[in-house]
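> Next comes coords_24.cif, mmCIF, C-alpha atoms:
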data_query
#
loop_
_atom_site.label_atom_id
_atom_site.label_comp_id
_atom_site.auth_asym_id
_atom_site.auth_seq_id
_atom_site.Cartn_x
_atom_site.Cartn_y
_atom_site.Cartn_z
CA MET G 1 7.97 109.65 62.37
CA THR G 2 8.13 109.28 58.58
CA LEU G 3 7.76 105.90 56.90
CA ASN G 4 11.39 105.88 55.74
CA LYS G 5 12.75 106.57 59.21
CA LYS G 6 10.54 103.91 60.63
CA LEU G 7 11.68 101.41 58.02
CA ASN G 8 15.33 102.32 58.52
CA SER G 9 15.12 101.25 62.11
CA LEU G 10 13.91 97.79 61.13
CA SER G 11 16.16 94.76 60.81
CA ASP G 12 16.83 93.09 57.44
CA GLU G 13 14.37 90.32 58.19
CA GLU G 14 11.66 92.78 59.20
CA LEU G 15 12.22 94.77 56.02
CA ILE G 16 11.91 91.76 53.74
CA LYS G 17 8.76 90.75 55.61
CA GLU G 18 7.35 94.21 55.00
CA PHE G 19 8.26 93.96 51.33
CA GLN G 20 6.74 90.49 51.05
CA ASP G 21 3.49 91.35 52.86
CA ASN G 22 2.75 94.87 51.63
CA ASN G 23 5.00 95.14 48.57
CA THR G 24 6.55 98.27 50.11
CA LEU G 25 9.12 99.49 47.60
CA GLU G 26 10.84 101.66 50.26
CA ALA G 27 11.67 98.54 52.25
CA TYR G 28 13.21 97.03 49.15
CA GLU G 29 15.24 100.19 48.48
CA ILE G 30 16.59 100.22 52.04
CA LEU G 31 17.71 96.62 51.71
CA VAL G 32 19.39 97.43 48.38
CA LYS G 33 21.23 100.33 50.05
CA ARG G 34 22.37 98.12 52.89
CA PHE G 35 23.64 95.25 50.77
CA LYS G 36 24.88 96.75 47.51
CA ASP G 37 28.40 97.56 48.81
CA PRO G 38 29.08 94.34 50.75
CA LEU G 39 27.86 92.35 47.75
CA MET G 40 30.01 94.38 45.37
CA ASN G 41 33.02 93.71 47.56
CA PHE G 42 32.30 89.98 47.79
CA VAL G 43 31.66 89.47 44.07
CA TYR G 44 34.59 91.67 43.04
CA ARG G 45 37.03 89.70 45.19
CA PHE G 46 35.66 86.51 43.68
CA LEU G 47 35.70 87.59 40.01
CA GLY G 48 38.28 90.39 39.84
CA ASP G 49 36.27 92.25 37.19
CA LYS G 50 34.45 95.44 38.16
CA ASP G 51 32.02 95.65 35.22
CA ALA G 52 30.95 92.04 35.58
CA THR G 53 30.61 92.57 39.34
CA THR G 54 28.25 95.53 38.86
CA ASP G 55 26.12 93.48 36.47
CA ILE G 56 25.96 90.55 38.86
CA VAL G 57 24.99 92.67 41.86
CA GLN G 58 22.28 94.33 39.75
CA ASP G 59 21.04 90.90 38.72
CA THR G 60 21.07 89.79 42.34
CA MET G 61 18.87 92.72 43.31
CA ILE G 62 16.50 92.03 40.41
CA LYS G 63 16.24 88.39 41.45
CA PHE G 64 15.58 89.51 45.00
CA TYR G 65 12.79 91.78 43.72
CA LEU G 66 11.21 89.10 41.54
CA LYS G 67 11.58 86.17 43.90
CA LYS G 68 10.98 87.85 47.21
CA ASP G 69 8.45 85.18 48.17
CA SER G 70 11.02 82.40 47.95
CA TYR G 71 12.76 83.84 51.01
CA GLN G 72 11.70 82.08 54.22
CA SER G 73 12.08 83.79 57.55
CA ILE G 74 13.87 80.79 59.10
CA ALA G 75 17.14 81.95 57.46
CA LYS G 76 18.97 85.23 57.77
CA PHE G 77 18.30 87.63 54.92
CA SER G 78 22.04 88.22 54.43
CA THR G 79 22.60 84.48 53.96
CA TRP G 80 19.85 84.33 51.34
CA ILE G 81 21.05 87.31 49.30
CA TYR G 82 24.71 86.25 49.50
CA THR G 83 23.69 82.83 48.21
CA ILE G 84 22.00 84.39 45.17
CA ALA G 85 25.02 86.61 44.47
CA GLY G 86 27.44 83.71 45.00
CA ASN G 87 25.58 81.47 42.56
CA LEU G 88 25.47 84.16 39.91
CA ALA G 89 29.16 84.90 40.43
CA LYS G 90 30.07 81.22 40.10
CA ASN G 91 28.09 80.96 36.86
CA GLU G 92 29.85 84.03 35.53
CA LEU G 93 33.23 82.60 36.47
CA LYS G 94 32.45 79.35 34.64
CA ARG G 95 31.40 81.28 31.56
CA LYS G 96 34.52 83.42 31.77
CA ASN G 97 36.77 80.38 32.07
CA ARG G 98 35.10 78.77 29.09
CA ARG G 99 35.69 81.91 27.07
CA THR G 100 39.33 81.98 28.17
CA ILE G 101 39.85 78.34 27.14
CA LEU G 102 38.20 78.89 23.78
CA SER G 103 39.86 82.20 22.94
CA LEU G 104 42.85 81.82 20.66
CA SER G 105 44.74 84.76 22.14
CA ASN G 106 44.90 83.91 25.79
CA ASP G 107 46.82 87.06 26.72
CA ASP G 108 44.91 87.96 29.89
CA ALA G 109 45.57 84.68 31.63
CA ASP G 110 49.24 84.87 30.74
CA ASP G 111 49.43 88.35 32.16
CA TYR G 112 48.00 87.19 35.45
CA THR G 113 50.51 84.40 35.76
CA LEU G 114 53.42 86.59 34.85
CA GLN G 115 52.46 89.34 37.22
CA ILE G 116 52.07 86.98 40.12
CA GLU G 117 55.26 85.14 39.41
CA ASP G 118 57.18 88.31 38.84
CA LYS G 119 56.39 89.60 42.27
CA LYS G 120 59.65 88.23 43.65
CA PHE G 121 61.46 90.74 41.47
CA VAL G 122 59.69 93.71 43.06
CA ALA G 123 62.10 95.71 45.20
CA PRO G 124 61.51 95.32 48.98
CA ASP G 125 60.90 99.02 49.52
CA ARG G 126 58.16 99.01 46.89
CA ALA G 127 56.71 95.81 48.24
CA ALA G 128 56.19 97.57 51.53
CA ASP G 129 53.87 99.97 49.84
CA ASN G 130 50.27 99.19 50.80
CA SER G 131 48.72 99.65 47.40
CA ILE G 132 51.19 97.31 45.75
CA LYS G 133 50.67 94.79 48.52
CA ALA G 134 46.93 95.02 48.04
CA GLU G 135 47.32 94.48 44.32
CA MET G 136 49.46 91.42 44.94
CA VAL G 137 46.97 90.02 47.42
CA GLU G 138 44.13 90.63 44.98
CA LYS G 139 45.93 88.81 42.19
CA ALA G 140 47.04 85.98 44.44
CA LEU G 141 43.47 85.58 45.65
CA LEU G 142 42.29 85.14 42.08
CA LYS G 143 44.82 82.32 41.69
CA VAL G 144 43.24 80.31 44.51
CA LYS G 145 40.73 77.65 43.43
CA PRO G 146 37.17 79.09 43.37
CA ILE G 147 35.84 76.60 45.94
CA TYR G 148 38.49 77.76 48.45
CA ARG G 149 38.44 81.39 47.36
CA GLU G 150 34.72 81.77 48.04
CA VAL G 151 34.94 80.65 51.66
CA VAL G 152 38.13 82.61 52.35
CA ILE G 153 36.48 85.80 51.07
CA LEU G 154 33.34 85.18 53.08
CA ARG G 155 35.31 84.47 56.25
CA ASP G 156 38.32 86.79 56.11
CA ILE G 157 37.06 89.69 54.02
CA GLN G 158 33.31 89.73 54.68
CA GLY G 159 33.78 88.56 58.27
CA MET G 160 31.01 85.95 58.29
CA SER G 161 30.67 83.17 60.84
CA TYR G 162 31.29 79.53 59.97
CA GLU G 163 27.58 78.81 60.46
CA GLU G 164 26.56 81.51 58.00
CA ILE G 165 29.08 80.29 55.45
CA SER G 166 27.87 76.73 55.97
CA ASP G 167 24.26 77.83 55.31
CA MET G 168 25.22 79.80 52.25
CA THR G 169 27.38 77.17 50.64
CA ASP G 170 25.27 74.21 51.76
CA LEU G 171 28.37 72.56 53.21
CA SER G 172 29.01 71.15 56.66
CA ILE G 173 30.92 73.35 59.11
CA GLY G 174 33.81 70.89 59.05
CA THR G 175 34.10 71.15 55.26
CA VAL G 176 33.88 74.93 55.46
CA LYS G 177 36.71 75.07 58.00
CA SER G 178 38.87 72.71 56.02
CA ARG G 179 38.30 74.64 52.80
CA ILE G 180 39.11 77.92 54.52
CA ASN G 181 42.33 76.42 55.84
CA ARG G 182 43.36 75.08 52.44
CA GLY G 183 42.54 78.35 50.77
CA ARG G 184 44.56 80.30 53.28
CA ALA G 185 47.50 77.92 52.97
CA HIS G 186 47.51 78.28 49.19
CA LEU G 187 47.24 82.04 49.45
CA GLN G 188 50.07 82.19 51.94
CA LYS G 189 52.24 80.12 49.63
CA LEU G 190 51.54 82.56 46.80
CA LEU G 191 52.29 85.58 48.97
CA LYS G 192 55.31 84.10 50.76
CA ASN G 193 57.77 86.77 49.66
CA ILE G 194 55.79 89.80 50.76
CA TYR G 195 55.73 88.87 54.46
CA MET S 1 50.13 71.33 73.40
CA LYS S 2 47.88 74.32 73.88
CA GLU S 3 50.65 76.58 72.76
CA GLU S 4 51.12 74.53 69.59
CA LYS S 5 47.38 74.74 68.82
CA PHE S 6 47.42 78.45 69.46
CA THR S 7 50.30 78.82 67.02
CA ALA S 8 48.47 76.75 64.39
CA ASP S 9 45.28 78.80 64.80
CA ASN S 10 47.21 82.00 64.44
CA GLU S 11 49.30 80.74 61.60
CA PHE S 12 47.35 82.87 59.15
CA ASN S 13 47.00 85.99 61.30
CA GLU S 14 49.18 88.07 59.06
CA LEU S 15 47.35 86.83 55.99
CA LYS S 16 43.99 87.61 57.59
CA ASN S 17 45.18 91.12 58.34
CA LEU S 18 46.32 91.52 54.76
CA LEU S 19 42.92 90.36 53.49
CA LYS S 20 41.07 92.66 55.87
CA SER S 21 43.20 95.60 54.80
CA LEU S 22 42.18 95.20 51.16
CA PRO S 23 40.40 98.33 49.92
CA LYS S 24 36.61 98.07 49.91
CA VAL S 25 34.91 98.09 46.54
CA ASP S 26 31.74 100.16 46.41
CA ALA S 27 28.88 100.13 43.96
CA PRO S 28 28.89 102.86 41.32
CA ASP S 29 26.92 106.03 42.09
CA ASN S 30 24.21 105.32 39.55
CA PHE S 31 23.69 101.75 40.78
CA GLU S 32 20.38 102.38 42.55
CA PHE S 33 19.10 104.69 39.82
CA ASN S 34 19.78 102.07 37.13
CA LEU S 35 18.22 99.33 39.23
CA MET S 36 15.05 101.27 40.00
CA THR S 37 14.74 102.33 36.33
CA LYS S 38 14.93 98.68 35.29
CA ILE S 39 12.28 97.74 37.83
CA GLN S 40 9.96 100.59 36.83
CA ASN S 41 10.33 99.69 33.15
CA ASN S 42 9.82 96.01 33.92
CA ASN S 43 13.16 95.35 32.25
CA PHE S 44 14.03 92.20 34.15
CA GLU S 45 16.54 90.70 31.76
CA VAL S 46 19.20 89.07 33.91
CA LYS S 47 22.43 89.82 32.07
CA SER S 48 24.44 87.05 33.69
CA GLU S 49 21.79 84.49 32.72
CA LYS S 50 21.41 85.32 29.04
CA LYS S 51 20.06 82.59 26.85
CA LYS S 52 22.72 80.40 25.37
CA SER S 53 23.11 80.54 21.64
CA TRP S 54 22.36 77.39 19.62
CA LEU S 55 26.08 77.05 18.95
CA SER S 56 27.13 77.27 22.58
CA TRP S 57 26.69 73.52 23.20
CA SER S 58 29.29 72.80 20.56
CA LEU S 59 31.82 75.00 22.28
CA THR S 60 31.83 73.09 25.53
CA PRO S 61 35.12 71.40 26.48
CA ALA S 62 33.40 68.00 26.63
CA VAL S 63 32.25 68.24 23.01
CA ALA S 64 35.68 69.47 21.93
CA PHE S 65 37.33 66.52 23.71
CA ALA S 66 34.92 63.99 22.19
CA THR S 67 35.51 65.42 18.71
CA THR S 68 39.28 65.24 19.17
CA VAL S 69 39.09 61.62 20.32
CA PHE S 70 36.88 60.76 17.34
CA VAL S 71 39.27 62.39 14.87
CA VAL S 72 42.31 60.69 16.42
CA LEU S 73 40.60 57.28 16.36
CA PHE S 74 39.52 57.84 12.78
CA PHE S 75 43.08 58.52 11.68
CA LEU S 76 44.48 55.62 13.71
CA PHE S 77 42.00 52.90 12.76
CA GLY S 78 39.53 54.28 10.27
CA GLY S 79 42.03 54.90 7.47
CA GLU S 80 43.20 51.25 7.17
CA GLU S 81 40.59 50.31 4.60
CA SER S 82 41.93 52.77 2.10
CA TYR S 83 45.38 51.10 2.20
CA ASN S 84 44.06 47.64 1.22
CA ASN S 85 45.72 46.40 -1.92
CA PRO S 86 42.93 45.68 -4.43
CA TRP S 87 45.10 42.94 -6.05
CA GLU S 88 45.34 41.04 -2.80
CA THR S 89 41.68 41.05 -1.91
CA PRO S 90 39.39 38.58 -3.69
CA PRO S 91 36.68 40.19 -5.80
CA GLN S 92 33.52 40.70 -3.84
CA LEU S 93 31.27 39.46 -6.64
CA MET S 94 32.98 36.07 -6.80
CA GLU S 95 32.69 35.70 -3.03
CA GLN S 96 29.02 36.49 -3.27
CA ASN S 97 28.47 33.99 -6.06
CA VAL S 98 30.24 31.25 -4.18
CA ALA S 99 28.27 32.06 -1.08
CA ASP S 100 24.99 32.08 -3.03
CA ALA S 101 25.86 28.78 -4.70
CA GLN S 102 26.66 27.23 -1.33
CA VAL S 103 23.37 28.45 0.05
CA LEU S 104 21.54 27.04 -2.99
CA ASN S 105 23.30 23.68 -2.68
CA SER S 106 22.51 23.44 0.98
CA LYS S 107 18.87 24.31 0.26
CA THR S 108 18.53 21.66 -2.47
CA GLU S 109 20.17 19.10 -0.23
CA LYS S 110 17.68 19.91 2.51
CA VAL S 111 14.79 19.68 0.08
CA GLU S 112 16.04 16.32 -1.22
CA VAL S 113 16.36 15.00 2.30
CA LYS S 114 12.82 16.13 3.01
CA LYS S 115 11.52 14.57 -0.14
CA LYS S 116 13.19 11.25 0.63
CA GLN S 117 11.73 11.25 4.08
CA ASN S 118 8.18 11.89 2.86
CA PRO S 119 7.57 9.87 -0.32
CA LYS S 120 4.05 10.28 -1.63
CA ARG S 121 1.97 7.79 -3.51
CA LEU S 122 -0.16 9.56 -6.06
CA THR S 123 -2.81 8.14 -8.34
CA VAL S 124 -2.12 8.98 -11.95
CA ARG S 125 -4.66 8.51 -14.79
CA ASN S 126 -6.19 5.03 -15.45
CA GLY S 127 -5.81 4.07 -11.80
CA ILE S 128 -2.03 3.58 -12.02
CA GLN S 129 -0.31 4.47 -8.83
CA LYS S 130 3.20 5.88 -8.72
CA ASP S 131 5.56 6.89 -6.00
CA TYR S 132 6.63 10.43 -6.24
CA PRO S 133 9.52 11.45 -4.06
CA PHE S 134 8.25 15.01 -4.15
CA ASP S 135 5.11 16.98 -3.74
CA LYS S 136 3.34 17.23 -7.04
CA GLY S 137 1.89 20.60 -6.22
CA SER S 138 5.31 22.19 -5.80
CA SER S 139 7.08 20.32 -8.62
CA ILE S 140 6.98 20.15 -12.40
CA ASN S 141 7.06 17.42 -15.00
CA PHE S 142 10.67 17.33 -16.13
CA ASP S 143 9.95 15.96 -19.64
CA GLU S 144 7.36 18.62 -20.31
CA TYR S 145 9.71 21.23 -18.96
CA LEU S 146 12.55 20.08 -21.28
CA GLN S 147 10.24 19.93 -24.27
CA SER S 148 8.90 23.36 -23.65
CA GLU S 149 12.44 24.70 -23.11
CA ALA S 150 13.59 23.00 -26.33
CA GLY S 151 10.54 24.37 -28.12
CA ARG S 152 11.28 27.82 -26.88
CA ALA S 153 14.92 27.49 -27.88
CA GLY S 154 13.85 26.09 -31.24
CA SER S 155 11.39 28.87 -31.86
CA ASN S 156 14.16 31.36 -31.20
CA ASN S 157 16.55 29.32 -33.30
CA ALA S 158 19.09 29.68 -30.54
CA GLN S 159 21.24 27.35 -28.52
CA LEU S 160 23.54 27.62 -25.50
CA ALA S 161 27.26 27.89 -26.04
CA GLY S 162 30.28 28.54 -23.82
CA GLY S 163 28.51 27.35 -20.67
CA VAL S 164 30.43 26.27 -17.59
CA SER S 165 29.98 22.68 -16.56
CA SER S 166 30.66 23.46 -12.93
CA ASN S 167 27.63 23.39 -10.67
CA ASP S 168 29.05 26.24 -8.63
CA SER S 169 28.55 28.81 -11.36
CA PRO S 170 25.10 30.11 -12.21
CA PHE S 171 26.35 30.92 -15.76
CA ASP S 172 24.84 28.52 -18.30
CA GLY S 173 26.30 29.93 -21.49
CA PHE S 174 25.46 32.32 -24.28
CA PHE S 175 22.46 31.95 -26.53
CA LEU S 176 23.47 31.76 -30.18
CA ARG S 177 20.99 32.92 -32.73
CA GLN S 178 20.85 30.54 -35.76
CA ARG S 179 17.84 31.79 -37.66
CA LYS S 180 19.86 33.61 -40.33
CA ILE S 181 22.15 30.62 -40.98
CA ALA S 182 19.14 28.32 -41.41
CA GLU S 183 17.45 30.77 -43.78
CA ARG S 184 20.65 31.06 -45.82
CA ASN S 185 20.96 27.25 -45.96
CA ASP S 186 17.37 27.04 -47.22
CA SER S 187 17.95 29.65 -49.92
CA LEU S 188 21.18 27.92 -51.02
CA ARG S 189 19.35 24.61 -51.16
CA ARG S 190 16.62 26.20 -53.21
CA GLU S 191 19.20 27.68 -55.63
CA GLU S 192 20.93 24.29 -55.94
CA ASP S 193 17.60 22.62 -56.64
CA SER S 194 16.70 25.16 -59.28
CA LEU S 195 20.14 24.78 -60.91
CA LYS S 196 19.76 20.99 -60.92
CA GLN S 197 16.31 21.39 -62.48
CA GLN S 198 17.75 23.66 -65.17
CA ASN S 199 20.49 21.13 -65.94
CA VAL S 200 17.92 18.36 -66.29
CA ASN S 201 15.76 20.50 -68.55
CA ASN S 202 18.78 21.44 -70.70
CA LYS S 203 19.68 17.83 -71.09
#
As structure tokens - that is how I would like this structure written.

Amino acid sequence: MTLNKKLNSLSDEELIKEFQDNNTLEAYEILVKRFKDPLMNFVYRFLGDKDATTDIVQDTMIKFYLKKDSYQSIAKFSTWIYTIAGNLAKNELKRKNRRTILSLSNDDADDYTLQIEDKKFVAPDRAADNSIKAEMVEKALLKVKPIYREVVILRDIQGMSYEEISDMTDLSIGTVKSRINRGRAHLQKLLKNIY
Amino acid sequence: MKEEKFTADNEFNELKNLLKSLPKVDAPDNFEFNLMTKIQNNNFEVKSEKKKSWLSWSLTPAVAFATTVFVVLFFLFGGEESYNNPWETPPQLMEQNVADAQVLNSKTEKVEVKKKQNPKRLTVRNGIQKDYPFDKGSSINFDEYLQSEAGRAGSNNAQLAGGVSSNDSPFDGFFLRQRKIAERNDSLRREEDSLKQQNVNNK
């Protein structure tokens, strides 16, 4: 049994332990392979910008490499790495918003608003099309407040449990549930006409 | 009741399905290669955490808001001074003089009160004792002072003119130089004397 095969059979927590104890780069690479796509999906849904998402997931993996010892085995590895990615994504969003406020030509933001508001003029037969629906959902999701958007993505797109979300966001389960509900309600309001 | 709760819980079912059906976004093909290259080259610069430029603090919304408030307040209240009519405001110098004079008056009054309260008996020459209402150490002989002043004025051949009698004003008057007039008077007198002498001799 080769080392890689052996490592592949290990859980996330066992792999990070291996990486922490023996500095095994293969263990790190396996974890990167396992988490790069879910993290890309999460950050992309939160930011709506593919280039920025790639940068943030790369940065998350670099932070994971550099600060591997700050992970403690009491928590799930997925919770830890999602927390890093979430924090970096939130910082990026703040920076992006600041840039949008300061920029004199605020064309992008206007486009978003117009596209979302114009959706009622899309013909019903086109609205039925999955790709257009997905685009509408994506844009509507970006209109939801970041604090609600984050938990909705983690729950409804990433399929995480309330406990995991609570650990990641450092919020009580009650707050998580309430935020998810508010986020969903806002999203539903935005997407009313495509049901 | 249970049915109602069930309906509320499933209120967002369709939305959840829509969210789940969103296409998955995958990492680019060269993601791992780029990452491992960075790690091997020890290139750990975190792009999303780049150092802020020295100007970035000034671009924050809070600073922009504070600046706006300052500018608005400046235009509302700060500009009033420039609209003051200079003819309506009393000259600052006069106000200062009056204030200084008042301060001086109040000081002298205080000193006088002090002096009256503490009269001192001092022994002057030949065993004669006199009451001085002031401390000799911190005072001067008025006669000597006047003589010396007169002497100084006399030596300069000058006298005060155009002075204000009011105690409020520190202006005593202009000094007039009289040396030339006196010299001219002397020369005229000498000429007159010489002419008189000539007349006597001629006679």
> How many Å separate atom CA of G:Glu138 from atom CA of G:Thr83?
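Distance between the two atoms: 22.1 Å.
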> Select residues of chain S: the criterion is any atom within 6 Å of an atom of chain G, counting all atoms listed in the file; output as an mmCIF file with C-alpha atoms, keeping the file's coordinate frame.

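That gives us iface-v3.cif:
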data_model
loop_
_atom_site.group_PDB
_atom_site.id
_atom_site.type_symbol
_atom_site.label_atom_id
_atom_site.label_comp_id
_atom_site.auth_asym_id
_atom_site.auth_seq_id
_atom_site.Cartn_x
_atom_site.Cartn_y
_atom_site.Cartn_z
ATOM 1 C CA LYS S 16 43.990 87.610 57.590
ATOM 2 C CA LEU S 19 42.920 90.360 53.490
ATOM 3 C CA LYS S 20 41.070 92.660 55.870
ATOM 4 C CA LEU S 22 42.180 95.200 51.160
ATOM 5 C CA VAL S 25 34.910 98.090 46.540
ATOM 6 C CA ASP S 26 31.740 100.160 46.410
ATOM 7 C CA ALA S 27 28.880 100.130 43.960
ATOM 8 C CA VAL S 46 19.200 89.070 33.910
#
> For a test of reading the model, state the distance in Å between atom CA of S:Pro23 and atom CA of G:Arg149, rounded to one decimal.
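Rounded to one decimal, the two atoms are 17.2 Å apart.
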> Could you tell me, as a PyMOL selection string, exactly which residues end up selected when the PyMOL selection byres ((chain G and resi 143-148) around 7) is applied to this structure?
chain G and resi 139-142+149-152+179-180+182-183+186-187
> Work out how far atom CA of G:Ile165 is from atom CA of G:Lys177, in Å to one decimal.
9.6 Å
